[in-house]
>>> print(open('target-v6.pdb').read())   # PDB, C-alpha atoms
MODEL        1
ATOM      1  CA  MET W   1      92.892 100.491 107.756
ATOM      2  CA  GLN W   2      93.234 102.094 111.149
ATOM      3  CA  ALA W   3      93.441 100.155 114.354
ATOM      4  CA  ILE W   4      90.221 101.702 115.596
ATOM      5  CA  VAL W   5      86.968 101.450 113.681
ATOM      6  CA  PRO W   6      87.410 103.936 110.876
ATOM      7  CA  LEU W   7      85.051 106.891 110.767
ATOM      8  CA  GLN W   8      83.908 107.917 107.369
ATOM      9  CA  ASP W   9      85.978 111.088 107.410
ATOM     10  CA  ASP W  10      89.182 109.248 108.248
ATOM     11  CA  LEU W  11      89.532 107.419 104.968
ATOM     12  CA  PRO W  12      88.861 108.558 101.423
ATOM     13  CA  PHE W  13      86.211 106.347  99.844
ATOM     14  CA  PRO W  14      87.811 105.029  96.740
ATOM     15  CA  PRO W  15      90.899 103.685  98.546
ATOM     16  CA  THR W  16      94.135 104.936  97.055
ATOM     17  CA  VAL W  17      97.613 103.505  96.833
ATOM     18  CA  GLU W  18      98.553 105.901  99.655
ATOM     19  CA  GLU W  19      97.164 103.267 102.061
ATOM     20  CA  PHE W  20     100.214 101.164 101.310
ATOM     21  CA  TYR W  21     102.735 103.808 102.343
ATOM     22  CA  PRO W  22     102.360 104.018 106.117
ATOM     23  CA  PRO W  23     104.190 106.894 107.786
ATOM     24  CA  SER W  24     107.345 106.451 109.801
ATOM     25  CA  LEU W  25     106.876 105.367 113.404
ATOM     26  CA  ILE W  26     109.704 107.585 114.629
ATOM     27  CA  GLU W  27     110.349 111.029 113.204
ATOM     28  CA  GLY W  28     112.838 110.935 110.352
ATOM     29  CA  ALA W  29     113.237 107.152 110.246
ATOM     30  CA  TYR W  30     111.349 106.731 106.957
ATOM     31  CA  PRO W  31     111.501 104.185 105.309
ATOM     32  CA  TRP W  32     113.516 102.151 107.791
ATOM     33  CA  LEU W  33     111.011 102.058 110.615
ATOM     34  CA  THR W  34     107.444 101.927 109.387
ATOM     35  CA  LYS W  35     104.546  99.633 110.245
ATOM     36  CA  PHE W  36     105.769  97.183 107.612
ATOM     37  CA  THR W  37     109.338  96.849 108.850
ATOM     38  CA  LEU W  38     108.112  96.546 112.437
ATOM     39  CA  LEU W  39     105.721  93.761 111.374
ATOM     40  CA  VAL W  40     108.493  91.930 109.542
ATOM     41  CA  TRP W  41     110.694  92.015 112.646
ATOM     42  CA  ILE W  42     107.778  90.831 114.768
ATOM     43  CA  ALA W  43     107.158  87.943 112.365
ATOM     44  CA  VAL W  44     110.837  86.944 112.465
ATOM     45  CA  GLY W  45     110.866  87.147 116.254
ATOM     46  CA  VAL W  46     107.650  85.180 116.670
ATOM     47  CA  ILE W  47     108.836  82.375 114.388
ATOM     48  CA  ILE W  48     112.262  82.080 116.051
ATOM     49  CA  VAL W  49     110.855  82.156 119.578
ATOM     50  CA  PHE W  50     108.051  79.726 118.741
ATOM     51  CA  PHE W  51     110.328  77.100 117.242
ATOM     52  CA  LEU W  52     112.977  77.516 119.971
ATOM     53  CA  VAL W  53     110.405  77.157 122.752
ATOM     54  CA  ALA W  54     108.643  74.250 121.025
ATOM     55  CA  TYR W  55     111.922  72.367 120.610
ATOM     56  CA  ARG W  56     113.656  73.340 123.835
ATOM     57  CA  ASP W  57     112.826  70.057 125.486
ATOM     58  CA  PRO W  58     111.643  67.547 122.855
ATOM     59  CA  LYS W  59     109.743  64.554 124.190
ATOM     60  CA  MET W  60     108.987  61.181 122.709
ATOM     61  CA  VAL W  61     105.324  61.870 123.334
ATOM     62  CA  PRO W  62     105.125  65.413 121.994
ATOM     63  CA  THR W  63     103.446  68.223 123.826
ATOM     64  CA  LYS W  64     100.871  70.289 121.977
ATOM     65  CA  ARG W  65     103.405  72.975 121.041
ATOM     66  CA  GLN W  66     105.954  70.458 119.865
ATOM     67  CA  TRP W  67     103.267  68.706 117.857
ATOM     68  CA  ILE W  68     102.381  71.947 116.021
ATOM     69  CA  ALA W  69     106.029  72.703 115.235
ATOM     70  CA  GLU W  70     106.631  69.149 114.059
ATOM     71  CA  SER W  71     103.504  69.223 111.902
ATOM     72  CA  ILE W  72     104.647  72.390 110.152
ATOM     73  CA  TYR W  73     108.127  71.053 109.533
ATOM     74  CA  GLY W  74     106.783  67.627 108.600
ATOM     75  CA  PHE W  75     104.427  69.249 106.096
ATOM     76  CA  ALA W  76     107.290  71.130 104.426
ATOM     77  CA  ARG W  77     109.475  68.022 104.457
ATOM     78  CA  GLU W  78     107.051  65.286 103.415
ATOM     79  CA  ASN W  79     104.366  67.067 101.412
ATOM     80  CA  ILE W  80     106.470  69.673  99.659
ATOM     81  CA  ALA W  81     110.168  68.715  99.544
ATOM     82  CA  LYS W  82     109.868  64.927  99.230
ATOM     83  CA  GLU W  83     106.726  65.028  97.131
ATOM     84  CA  LEU W  84     108.113  67.340  94.462
ATOM     85  CA  ILE W  85     111.895  66.936  94.576
ATOM     86  CA  GLY W  86     112.293  63.444  95.988
ATOM     87  CA  HIS W  87     114.871  62.343  98.555
ATOM     88  CA  ALA W  88     117.368  64.974  97.374
ATOM     89  CA  GLY W  89     114.825  67.568  98.499
ATOM     90  CA  VAL W  90     115.121  66.826 102.207
ATOM     91  CA  ARG W  91     118.040  69.226 102.559
ATOM     92  CA  PHE W  92     115.796  72.062 101.323
ATOM     93  CA  ALA W  93     113.068  71.293 103.860
ATOM     94  CA  PRO W  94     114.318  73.792 106.498
ATOM     95  CA  TYR W  95     114.255  76.582 103.926
ATOM     96  CA  PHE W  96     110.770  75.643 102.747
ATOM     97  CA  ALA W  97     109.472  75.432 106.307
ATOM     98  CA  THR W  98     110.953  78.846 107.162
ATOM     99  CA  LEU W  99     109.625  80.393 103.973
ATOM    100  CA  PHE W 100     106.175  78.932 104.519
ATOM    101  CA  CYS W 101     105.965  80.116 108.141
ATOM    102  CA  PHE W 102     107.236  83.587 107.311
ATOM    103  CA  ILE W 103     104.906  84.170 104.359
ATOM    104  CA  LEU W 104     101.934  82.648 106.173
ATOM    105  CA  LEU W 105     102.461  84.787 109.259
ATOM    106  CA  THR W 106     103.046  88.016 107.330
ATOM    107  CA  ASN W 107      99.991  87.268 105.159
ATOM    108  CA  LEU W 108      97.830  86.636 108.210
ATOM    109  CA  PHE W 109      98.849  90.039 109.583
ATOM    110  CA  GLY W 110      96.486  91.371 106.937
ATOM    111  CA  LEU W 111      93.554  89.841 108.824
ATOM    112  CA  ILE W 112      94.465  90.228 112.493
ATOM    113  CA  PRO W 113      92.373  93.065 113.942
ATOM    114  CA  GLY W 114      94.528  96.014 114.898
ATOM    115  CA  ILE W 115      97.209  95.209 112.345
ATOM    116  CA  GLN W 116      95.141  94.585 109.242
ATOM    117  CA  ILE W 117      97.827  95.067 106.667
ATOM    118  CA  SER W 118     100.296  92.569 105.354
ATOM    119  CA  PRO W 119     103.902  93.602 104.689
ATOM    120  CA  ASN W 120     103.589  91.493 101.547
ATOM    121  CA  SER W 121     101.185  94.038 100.113
ATOM    122  CA  HIS W 122     104.246  96.209  99.573
ATOM    123  CA  ILE W 123     106.182  94.961  96.544
ATOM    124  CA  ALA W 124     109.594  95.313  98.247
ATOM    125  CA  PHE W 125     109.097  92.351 100.590
ATOM    126  CA  PRO W 126     107.900  89.785  98.015
ATOM    127  CA  ILE W 127     110.744  90.884  95.719
ATOM    128  CA  ILE W 128     113.339  89.970  98.345
ATOM    129  CA  LEU W 129     111.670  86.601  98.992
ATOM    130  CA  ALA W 130     111.539  85.882  95.256
ATOM    131  CA  VAL W 131     115.190  86.919  94.768
ATOM    132  CA  ILE W 132     116.285  84.512  97.506
ATOM    133  CA  SER W 133     114.407  81.657  95.830
ATOM    134  CA  TYR W 134     115.658  82.656  92.368
ATOM    135  CA  VAL W 135     119.296  82.792  93.411
ATOM    136  CA  MET W 136     118.918  79.532  95.309
ATOM    137  CA  PHE W 137     117.464  77.440  92.496
ATOM    138  CA  ASN W 138     120.007  78.756  90.009
ATOM    139  CA  TYR W 139     122.833  78.175  92.493
ATOM    140  CA  VAL W 140     121.907  74.565  93.247
ATOM    141  CA  GLY W 141     121.428  73.906  89.530
ATOM    142  CA  ILE W 142     124.815  75.360  88.604
ATOM    143  CA  ARG W 143     126.490  73.528  91.466
ATOM    144  CA  LYS W 144     125.011  70.214  90.442
ATOM    145  CA  HIS W 145     125.455  70.372  86.665
ATOM    146  CA  GLY W 146     128.163  72.964  86.187
ATOM    147  CA  PHE W 147     127.641  76.367  84.615
ATOM    148  CA  VAL W 148     127.565  75.437  80.912
ATOM    149  CA  LYS W 149     125.631  72.207  81.333
ATOM    150  CA  TYR W 150     123.019  73.841  83.561
ATOM    151  CA  PHE W 151     122.239  76.520  81.010
ATOM    152  CA  LYS W 152     122.267  73.950  78.230
ATOM    153  CA  HIS W 153     119.749  71.888  80.186
ATOM    154  CA  SER W 154     117.506  74.814  80.976
ATOM    155  CA  LEU W 155     117.630  76.565  77.627
ATOM    156  CA  ILE W 156     117.766  73.807  75.019
ATOM    157  CA  PRO W 157     114.721  71.537  75.122
ATOM    158  CA  PRO W 158     114.814  68.252  73.218
ATOM    159  CA  ALA W 159     113.349  69.440  69.937
ATOM    160  CA  PRO W 160     114.244  69.422  66.228
ATOM    161  CA  TRP W 161     117.051  71.873  65.409
ATOM    162  CA  PHE W 162     114.982  74.161  63.167
ATOM    163  CA  ILE W 163     112.564  75.068  65.978
ATOM    164  CA  LEU W 164     115.328  75.846  68.482
ATOM    165  CA  PRO W 165     115.836  79.514  67.475
ATOM    166  CA  LEU W 166     112.242  80.032  68.541
ATOM    167  CA  LEU W 167     112.320  77.864  71.658
ATOM    168  CA  ILE W 168     115.569  79.100  73.218
ATOM    169  CA  PRO W 169     114.408  82.724  73.657
ATOM    170  CA  ILE W 170     111.062  81.483  75.016
ATOM    171  CA  GLU W 171     112.788  79.171  77.493
ATOM    172  CA  PHE W 172     115.135  81.953  78.551
ATOM    173  CA  PHE W 173     112.241  84.371  78.971
ATOM    174  CA  SER W 174     110.115  81.964  80.970
ATOM    175  CA  THR W 175     112.858  80.466  83.143
ATOM    176  CA  PHE W 176     115.119  83.388  83.929
ATOM    177  CA  LEU W 177     112.898  86.443  83.571
ATOM    178  CA  VAL W 178     109.275  85.487  84.181
ATOM    179  CA  ARG W 179     109.856  83.126  87.109
ATOM    180  CA  PRO W 180     111.263  85.603  89.655
ATOM    181  CA  VAL W 181     108.941  88.384  88.500
ATOM    182  CA  THR W 182     105.785  86.295  88.800
ATOM    183  CA  LEU W 183     106.900  84.746  92.070
ATOM    184  CA  ALA W 184     107.103  88.217  93.604
ATOM    185  CA  LEU W 185     104.103  89.666  91.776
ATOM    186  CA  ARG W 186     101.751  86.799  92.614
ATOM    187  CA  LEU W 187     102.218  87.206  96.342
ATOM    188  CA  PHE W 188     102.193  91.000  96.135
ATOM    189  CA  ALA W 189      99.126  91.228  93.901
ATOM    190  CA  ASN W 190      97.083  88.835  96.022
ATOM    191  CA  MET W 191      97.851  90.664  99.256
ATOM    192  CA  PHE W 192      97.436  94.083  97.667
ATOM    193  CA  ALA W 193      94.131  93.213  96.009
ATOM    194  CA  GLY W 194      92.870  91.521  99.169
ATOM    195  CA  HIS W 195      93.557  94.612 101.244
ATOM    196  CA  VAL W 196      91.949  96.907  98.675
ATOM    197  CA  ILE W 197      88.851  94.693  98.428
ATOM    198  CA  LEU W 198      88.353  94.640 102.201
ATOM    199  CA  LEU W 199      88.894  98.396 102.280
ATOM    200  CA  VAL W 200      86.392  99.022  99.492
ATOM    201  CA  PHE W 201      83.632  97.079 101.229
ATOM    202  CA  THR W 202      84.322  98.378 104.742
ATOM    203  CA  VAL W 203      84.792 102.034 103.870
ATOM    204  CA  GLY W 204      82.168 101.704 101.142
ATOM    205  CA  GLY W 205      79.679 100.777 103.858
ATOM    206  CA  PHE W 206      80.289 104.125 105.532
ATOM    207  CA  ALA W 207      80.054 105.896 102.188
ATOM    208  CA  LEU W 208      76.653 104.288 101.561
ATOM    209  CA  LEU W 209      75.508 105.104 105.093
ATOM    210  CA  SER W 210      76.212 108.771 104.530
ATOM    211  CA  ALA W 211      74.304 108.802 101.247
ATOM    212  CA  ASN W 212      71.418 111.244 100.941
ATOM    213  CA  SER W 213      68.779 108.768  99.845
ATOM    214  CA  LEU W 214      67.064 106.655 102.518
ATOM    215  CA  LEU W 215      66.860 103.778 100.064
ATOM    216  CA  ILE W 216      70.621 103.596  99.725
ATOM    217  CA  LYS W 217      71.502 103.701 103.433
ATOM    218  CA  PRO W 218      70.489 100.064 104.253
ATOM    219  CA  LEU W 219      72.812  98.855 101.520
ATOM    220  CA  SER W 220      75.703  99.584 103.862
ATOM    221  CA  LEU W 221      74.680  96.489 105.845
ATOM    222  CA  LEU W 222      75.064  94.419 102.692
ATOM    223  CA  SER W 223      78.454  95.968 102.128
ATOM    224  CA  TRP W 224      79.638  95.074 105.646
ATOM    225  CA  ALA W 225      78.234  91.544 105.349
ATOM    226  CA  LEU W 226      80.239  91.144 102.171
ATOM    227  CA  ALA W 227      83.302  92.504 103.952
ATOM    228  CA  ILE W 228      82.954  89.794 106.615
ATOM    229  CA  GLY W 229      82.504  87.107 103.988
ATOM    230  CA  LEU W 230      85.486  88.338 102.028
ATOM    231  CA  THR W 231      87.607  88.266 105.179
ATOM    232  CA  PHE W 232      87.160  84.484 105.233
ATOM    233  CA  LEU W 233      88.059  84.370 101.547
ATOM    234  CA  GLU W 234      91.196  86.385 102.288
ATOM    235  CA  THR W 235      92.154  83.932 105.037
ATOM    236  CA  LEU W 236      91.996  81.185 102.456
ATOM    237  CA  VAL W 237      94.023  83.269 100.001
ATOM    238  CA  ALA W 238      96.664  84.039 102.652
ATOM    239  CA  ILE W 239      97.220  80.338 103.367
ATOM    240  CA  LEU W 240      97.026  79.373  99.705
ATOM    241  CA  GLN W 241      99.548  81.989  98.593
ATOM    242  CA  ALA W 242     102.063  80.897 101.216
ATOM    243  CA  TYR W 243     101.628  77.324  99.984
ATOM    244  CA  VAL W 244     101.851  78.286  96.308
ATOM    245  CA  PHE W 245     105.008  80.340  96.837
ATOM    246  CA  VAL W 246     106.751  77.442  98.575
ATOM    247  CA  ILE W 247     105.520  74.815  96.129
ATOM    248  CA  LEU W 248     106.650  76.872  93.134
ATOM    249  CA  THR W 249     110.067  77.428  94.711
ATOM    250  CA  SER W 250     110.394  73.701  95.243
ATOM    251  CA  SER W 251     109.276  72.871  91.717
ATOM    252  CA  TYR W 252     111.849  75.347  90.356
ATOM    253  CA  VAL W 253     114.501  73.662  92.484
ATOM    254  CA  GLN W 254     113.289  70.323  91.162
ATOM    255  CA  GLY W 255     113.625  71.604  87.599
ATOM    256  CA  ALA W 256     117.154  72.839  88.283
ATOM    257  CA  LEU W 257     118.192  69.537  89.838
ATOM    258  CA  ALA W 258     116.489  67.303  87.260
ATOM    259  CA  GLU W 259     118.798  65.091  85.230
ATOM    260  CA  GLU W 260     117.138  65.806  81.914
ATOM    261  CA  HIS W 261     114.220  67.823  80.701
TER     262      HIS W 261
ATOM    263  CA  MET S   1      71.496 113.646  76.701
ATOM    264  CA  SER S   2      73.772 110.884  77.852
ATOM    265  CA  LEU S   3      72.232 107.873  79.541
ATOM    266  CA  ALA S   4      75.224 106.874  81.596
ATOM    267  CA  GLU S   5      78.475 108.470  82.432
ATOM    268  CA  ILE S   6      81.683 106.832  83.487
ATOM    269  CA  SER S   7      84.253 108.725  85.457
ATOM    270  CA  GLY S   8      87.647 107.524  86.553
ATOM    271  CA  SER S   9      89.740 104.874  84.958
ATOM    272  CA  LEU S  10      88.584 102.185  82.570
ATOM    273  CA  SER S  11      91.667 100.103  83.317
ATOM    274  CA  ALA S  12      89.822  98.071  85.955
ATOM    275  CA  ILE S  13      87.361  96.904  83.299
ATOM    276  CA  GLY S  14      90.240  96.225  80.945
ATOM    277  CA  TYR S  15      91.997  94.156  83.563
ATOM    278  CA  GLY S  16      88.785  92.261  84.277
ATOM    279  CA  LEU S  17      88.529  91.346  80.608
ATOM    280  CA  ALA S  18      92.194  90.409  80.496
ATOM    281  CA  ALA S  19      91.803  88.107  83.492
ATOM    282  CA  ILE S  20      89.243  85.933  81.669
ATOM    283  CA  GLY S  21      91.921  84.161  79.658
ATOM    284  CA  PRO S  22      94.219  83.167  82.534
ATOM    285  CA  GLY S  23      91.114  82.300  84.579
ATOM    286  CA  ILE S  24      89.999  79.767  81.990
ATOM    287  CA  GLY S  25      93.561  78.535  81.561
ATOM    288  CA  VAL S  26      94.164  77.913  85.269
ATOM    289  CA  GLY S  27      90.791  76.188  85.451
ATOM    290  CA  ILE S  28      91.698  73.861  82.592
ATOM    291  CA  ILE S  29      95.059  73.008  84.185
ATOM    292  CA  PHE S  30      93.600  71.944  87.518
ATOM    293  CA  ALA S  31      90.625  70.232  85.857
ATOM    294  CA  SER S  32      93.009  68.177  83.752
ATOM    295  CA  TYR S  33      95.087  67.301  86.797
ATOM    296  CA  ILE S  34      92.048  66.137  88.732
ATOM    297  CA  GLN S  35      90.824  64.150  85.755
ATOM    298  CA  SER S  36      94.161  62.485  85.095
ATOM    299  CA  THR S  37      94.632  61.661  88.786
ATOM    300  CA  ALA S  38      91.133  60.187  88.954
ATOM    301  CA  ARG S  39      91.853  57.993  85.963
ATOM    302  CA  GLN S  40      95.305  56.955  87.113
ATOM    303  CA  PRO S  41      95.880  57.759  90.785
ATOM    304  CA  GLU S  42      99.512  56.583  90.806
ATOM    305  CA  SER S  43     100.447  59.206  88.199
ATOM    306  CA  GLY S  44      99.528  62.045  90.555
ATOM    307  CA  ARG S  45     103.033  62.471  91.915
ATOM    308  CA  ILE S  46     104.609  62.470  88.443
ATOM    309  CA  THR S  47     102.374  65.136  86.935
ATOM    310  CA  LEU S  48     102.311  67.448  89.962
ATOM    311  CA  PRO S  49     105.448  69.495  89.058
ATOM    312  CA  TYR S  50     104.049  70.123  85.572
ATOM    313  CA  VAL S  51     100.779  71.289  87.109
ATOM    314  CA  TRP S  52     102.556  73.921  89.195
ATOM    315  CA  ILE S  53     104.866  75.031  86.388
ATOM    316  CA  GLY S  54     101.929  75.312  84.003
ATOM    317  CA  PHE S  55      99.862  77.141  86.596
ATOM    318  CA  ALA S  56     102.707  79.618  87.171
ATOM    319  CA  VAL S  57     103.181  80.289  83.462
ATOM    320  CA  VAL S  58      99.470  80.767  82.770
ATOM    321  CA  GLU S  59      98.898  82.937  85.816
ATOM    322  CA  ALA S  60     101.874  85.062  84.727
ATOM    323  CA  LEU S  61      99.613  86.610  82.091
ATOM    324  CA  ALA S  62      97.134  87.850  84.672
ATOM    325  CA  LEU S  63      99.977  89.126  86.836
ATOM    326  CA  LEU S  64     101.558  90.954  83.908
ATOM    327  CA  GLY S  65      98.173  92.613  83.468
ATOM    328  CA  ILE S  66      98.323  93.956  87.026
ATOM    329  CA  ALA S  67     101.920  95.103  86.658
ATOM    330  CA  PHE S  68     101.385  96.850  83.341
ATOM    331  CA  GLY S  69      98.300  98.548  84.713
ATOM    332  CA  PHE S  70     100.599 100.379  87.100
ATOM    333  CA  VAL S  71     103.483 100.767  84.660
ATOM    334  CA  PHE S  72     101.425 102.497  81.980
ATOM    335  CA  THR S  73      99.317 104.744  84.225
ATOM    336  CA  THR S  74     101.445 107.811  83.561
ATOM    337  CA  SER S  75     101.067 107.721  79.791
ATOM    338  CA  THR S  76      97.256 107.547  79.733
ATOM    339  CA  THR S  77      94.969 110.444  80.440
ATOM    340  CA  THR S  78      91.527 108.869  80.674
TER     341      THR S  78
ENDMDL
END
>>> encode(input="target-v6.pdb", output="structure tokens")
Amino acid sequence: MQAIVPLQDDLPFPPTVEEFYPPSLIEGAYPWLTKFTLLVWIAVGVIIVFFLVAYRDPKMVPTKRQWIAESIYGFARENIAKELIGHAGVRFAPYFATLFCFILLTNLFGLIPGIQISPNSHIAFPIILAVISYVMFNYVGIRKHGFVKYFKHSLIPPAPWFILPLLIPIEFFSTFLVRPVTLALRLFANMFAGHVILLVFTVGGFALLSANSLLIKPLSLLSWALAIGLTFLETLVAILQAYVFVILTSSYVQGALAEEH
Amino acid sequence: MSLAEISGSLSAIGYGLAAIGPGIGVGIIFASYIQSTARQPESGRITLPYVWIGFAVVEALALLGIAFGFVFTTSTTT
């Protein structure tokens, strides 16, 4: 979606995948400097600056800014890390807090007027986030149990021997192949679908307005009303997906660190 | 004379049908979690990791549907 209110000629009505390939900001810099990469750098900068400023001069009675920063970190520490992993999870709390802030902020870019697209609606960015989580939970598992024991734990469930030839491939498929793929795809698909839905109802309103029949024209108001309603739904989805990504990462870490399955 | 005509891709309808299964599955998972936590509130913390793992595995089916929709677009003509 454009920064200005789109005119009906600007955008093709059934939105295409082309929407998700913004042009380069500087001539010849594609794909290294597009709207997406700029937004990612802005998100990184905003998070670093916010937490540095909020914690520059910590007080016993926190200021408003410090309170927000502490709430976010406290949420990642108490409600995600400690809740799912236990006391061993406290050392992962900084990662979870960073991940949560980054995904939440980049998701919310999809709703801020003037930006209105999330970098996470391009598969490349969720893939990197998922790869980091995937490598991390395997690394902490291998470091805790040792290479052979970790794979034995993850692949061989406590079951009678004759069912194992069936269970081991399933466990391998679900733990080492499906987990990273779904982690990336879930975030990507939600952001992608959310953007397409908003686009369909907003641009669809203009398409209905330019219809020939007088009876169809008023339907554009319904379309725009739905677009506004769906924006609130997308806000919910943006927050929920950030939460789900972090909570799944932490439950994978918990599974890797668990003593027995 | 044809009564209705469909142009474009039917894959959206196919994906809608495919999403019914994971939709029901995810619903059952969270319903069971709510029910079990209501019956035995102190077990909430113990069952929570299984809820998220189960949710991830079930939702994987819907996500595979999205992915394969894009993967197989080149081989279909309608």
>>> interface_residues(input="target-v6.pdb", of="chain W", to="chain S", cutoff="9 Å", atoms="only C-alpha atoms", output="list in words")
Glu83, Leu84, Ile85, Ser174, Val178, Arg179, Val181, Thr182, Leu183, Leu185, Arg186, Ala189, Val244, Ile247, Leu248, Ser250, Ser251, Tyr252, Gln254 and Gly255 of chain W
>>> atom_distance(input="target-v6.pdb", atom1="atom CA of Ser43 of chain S", atom2="atom CA of Pro94 of chain W")
27.2 Å
>>> residues_around(input="target-v6.pdb", residues="segment 222-235 of chain W", least_positions_apart="2", cutoff="9 Å", atoms="all atoms listed in the file", output="PyMOL selection string")
chain W and resi 107-108+110-111+190-191+194-195+197-205+208+218-220+237-240
>>> resolve_selection(input="target-v6.pdb", expression="the PyMOL selection byres ((chain W and resi 126-143) around 6)", output="PyMOL selection string")
chain W and resi 120+123-125+144-147+150+180+183-184+253+256-257
>>> closest_residue(input="target-v6.pdb", among="W:Ile168, W:Ile163, W:Leu105, W:Leu177", to="Trp41 of chain W", atoms="all atoms listed in the file")
W:Leu105
>>> resolve_selection(input="target-v6.pdb", expression="the PyMOL selection byres ((chain W and resi 14-26) around 12)", output="PyMOL selection string")
(chain W and resi 1-2+8+10-13+27-39+110+115-124+188+191-193+195-207) or (chain S and resi 8-9+70)
>>> write_last_selection(input="target-v6.pdb", atoms="C-alpha atoms", output="tab-separated table (two decimals), in the coordinates of the input")
chain	number	residue	atom	x	y	z
W	1	MET	CA	92.89	100.49	107.76
W	2	GLN	CA	93.23	102.09	111.15
W	8	GLN	CA	83.91	107.92	107.37
W	10	ASP	CA	89.18	109.25	108.25
W	11	LEU	CA	89.53	107.42	104.97
W	12	PRO	CA	88.86	108.56	101.42
W	13	PHE	CA	86.21	106.35	99.84
W	27	GLU	CA	110.35	111.03	113.20
W	28	GLY	CA	112.84	110.94	110.35
W	29	ALA	CA	113.24	107.15	110.25
W	30	TYR	CA	111.35	106.73	106.96
W	31	PRO	CA	111.50	104.18	105.31
W	32	TRP	CA	113.52	102.15	107.79
W	33	LEU	CA	111.01	102.06	110.62
W	34	THR	CA	107.44	101.93	109.39
W	35	LYS	CA	104.55	99.63	110.24
W	36	PHE	CA	105.77	97.18	107.61
W	37	THR	CA	109.34	96.85	108.85
W	38	LEU	CA	108.11	96.55	112.44
W	39	LEU	CA	105.72	93.76	111.37
W	110	GLY	CA	96.49	91.37	106.94
W	115	ILE	CA	97.21	95.21	112.34
W	116	GLN	CA	95.14	94.58	109.24
W	117	ILE	CA	97.83	95.07	106.67
W	118	SER	CA	100.30	92.57	105.35
W	119	PRO	CA	103.90	93.60	104.69
W	120	ASN	CA	103.59	91.49	101.55
W	121	SER	CA	101.18	94.04	100.11
W	122	HIS	CA	104.25	96.21	99.57
W	123	ILE	CA	106.18	94.96	96.54
W	124	ALA	CA	109.59	95.31	98.25
W	188	PHE	CA	102.19	91.00	96.14
W	191	MET	CA	97.85	90.66	99.26
W	192	PHE	CA	97.44	94.08	97.67
W	193	ALA	CA	94.13	93.21	96.01
W	195	HIS	CA	93.56	94.61	101.24
W	196	VAL	CA	91.95	96.91	98.68
W	197	ILE	CA	88.85	94.69	98.43
W	198	LEU	CA	88.35	94.64	102.20
W	199	LEU	CA	88.89	98.40	102.28
W	200	VAL	CA	86.39	99.02	99.49
W	201	PHE	CA	83.63	97.08	101.23
W	202	THR	CA	84.32	98.38	104.74
W	203	VAL	CA	84.79	102.03	103.87
W	204	GLY	CA	82.17	101.70	101.14
W	205	GLY	CA	79.68	100.78	103.86
W	206	PHE	CA	80.29	104.12	105.53
W	207	ALA	CA	80.05	105.90	102.19
S	8	GLY	CA	87.65	107.52	86.55
S	9	SER	CA	89.74	104.87	84.96
S	70	PHE	CA	100.60	100.38	87.10
>>> residues_around(input="target-v6.pdb", residues="segment 52-56 of chain W", least_positions_apart="5", cutoff="9 Å", atoms="all atoms listed in the file", output="MDAnalysis selection string")
chainID W and resid 47 63:70
>>> resolve_selection(input="target-v6.pdb", expression="the PyMOL selection byres ((chain S and resi 22) around 9)", output="PyMOL selection string")
chain S and resi 18-21+23-27+58-62
>>> axis_aligned_box(input="target-v6.pdb", around="segment 20-23 of chain S", padding_each_side="6 Å", output="AutoDock Vina command-line options")
--center_x 91.7 --center_y 84.1 --center_z 82.1 --size_x 17.0 --size_y 15.6 --size_z 16.9
>>> atom_distance(input="target-v6.pdb", atom1="atom CA of Phe96 of chain W", atom2="atom CA of Asp57 of chain W")
23.5 Å
>>> atom_distance(input="target-v6.pdb", atom1="atom CA of Ala242 of chain W", atom2="atom CA of Thr106 of chain W")
9.4 Å
>>> build_atoms(input="target-v6.pdb", residues="segment 164-172 of chain W", atoms="N, CA and C atoms", output="short mmCIF file (atom, residue, chain, number, x, y, z; two decimals), in the frame of the given file")
data_model
loop_
_atom_site.label_atom_id
_atom_site.label_comp_id
_atom_site.auth_asym_id
_atom_site.auth_seq_id
_atom_site.Cartn_x
_atom_site.Cartn_y
_atom_site.Cartn_z
N LEU W 164 114.58 75.34 67.33
CA LEU W 164 115.33 75.85 68.48
C LEU W 164 115.48 77.37 68.52
N PRO W 165 115.73 78.05 67.40
CA PRO W 165 115.84 79.51 67.47
C PRO W 165 114.60 80.17 68.07
N LEU W 166 113.47 79.50 67.94
CA LEU W 166 112.24 80.03 68.54
C LEU W 166 112.14 79.63 70.01
N LEU W 167 112.53 78.39 70.31
CA LEU W 167 112.32 77.86 71.66
C LEU W 167 113.31 78.43 72.68
N ILE W 168 114.57 78.66 72.24
CA ILE W 168 115.57 79.10 73.22
C ILE W 168 115.22 80.45 73.82
N PRO W 169 114.83 81.46 73.02
CA PRO W 169 114.41 82.72 73.66
C PRO W 169 113.20 82.55 74.56
N ILE W 170 112.25 81.69 74.18
CA ILE W 170 111.06 81.48 75.02
C ILE W 170 111.46 80.85 76.33
N GLU W 171 112.34 79.83 76.27
CA GLU W 171 112.79 79.17 77.49
C GLU W 171 113.53 80.15 78.39
N PHE W 172 114.39 80.97 77.77
CA PHE W 172 115.14 81.95 78.55
C PHE W 172 114.18 82.93 79.22
#
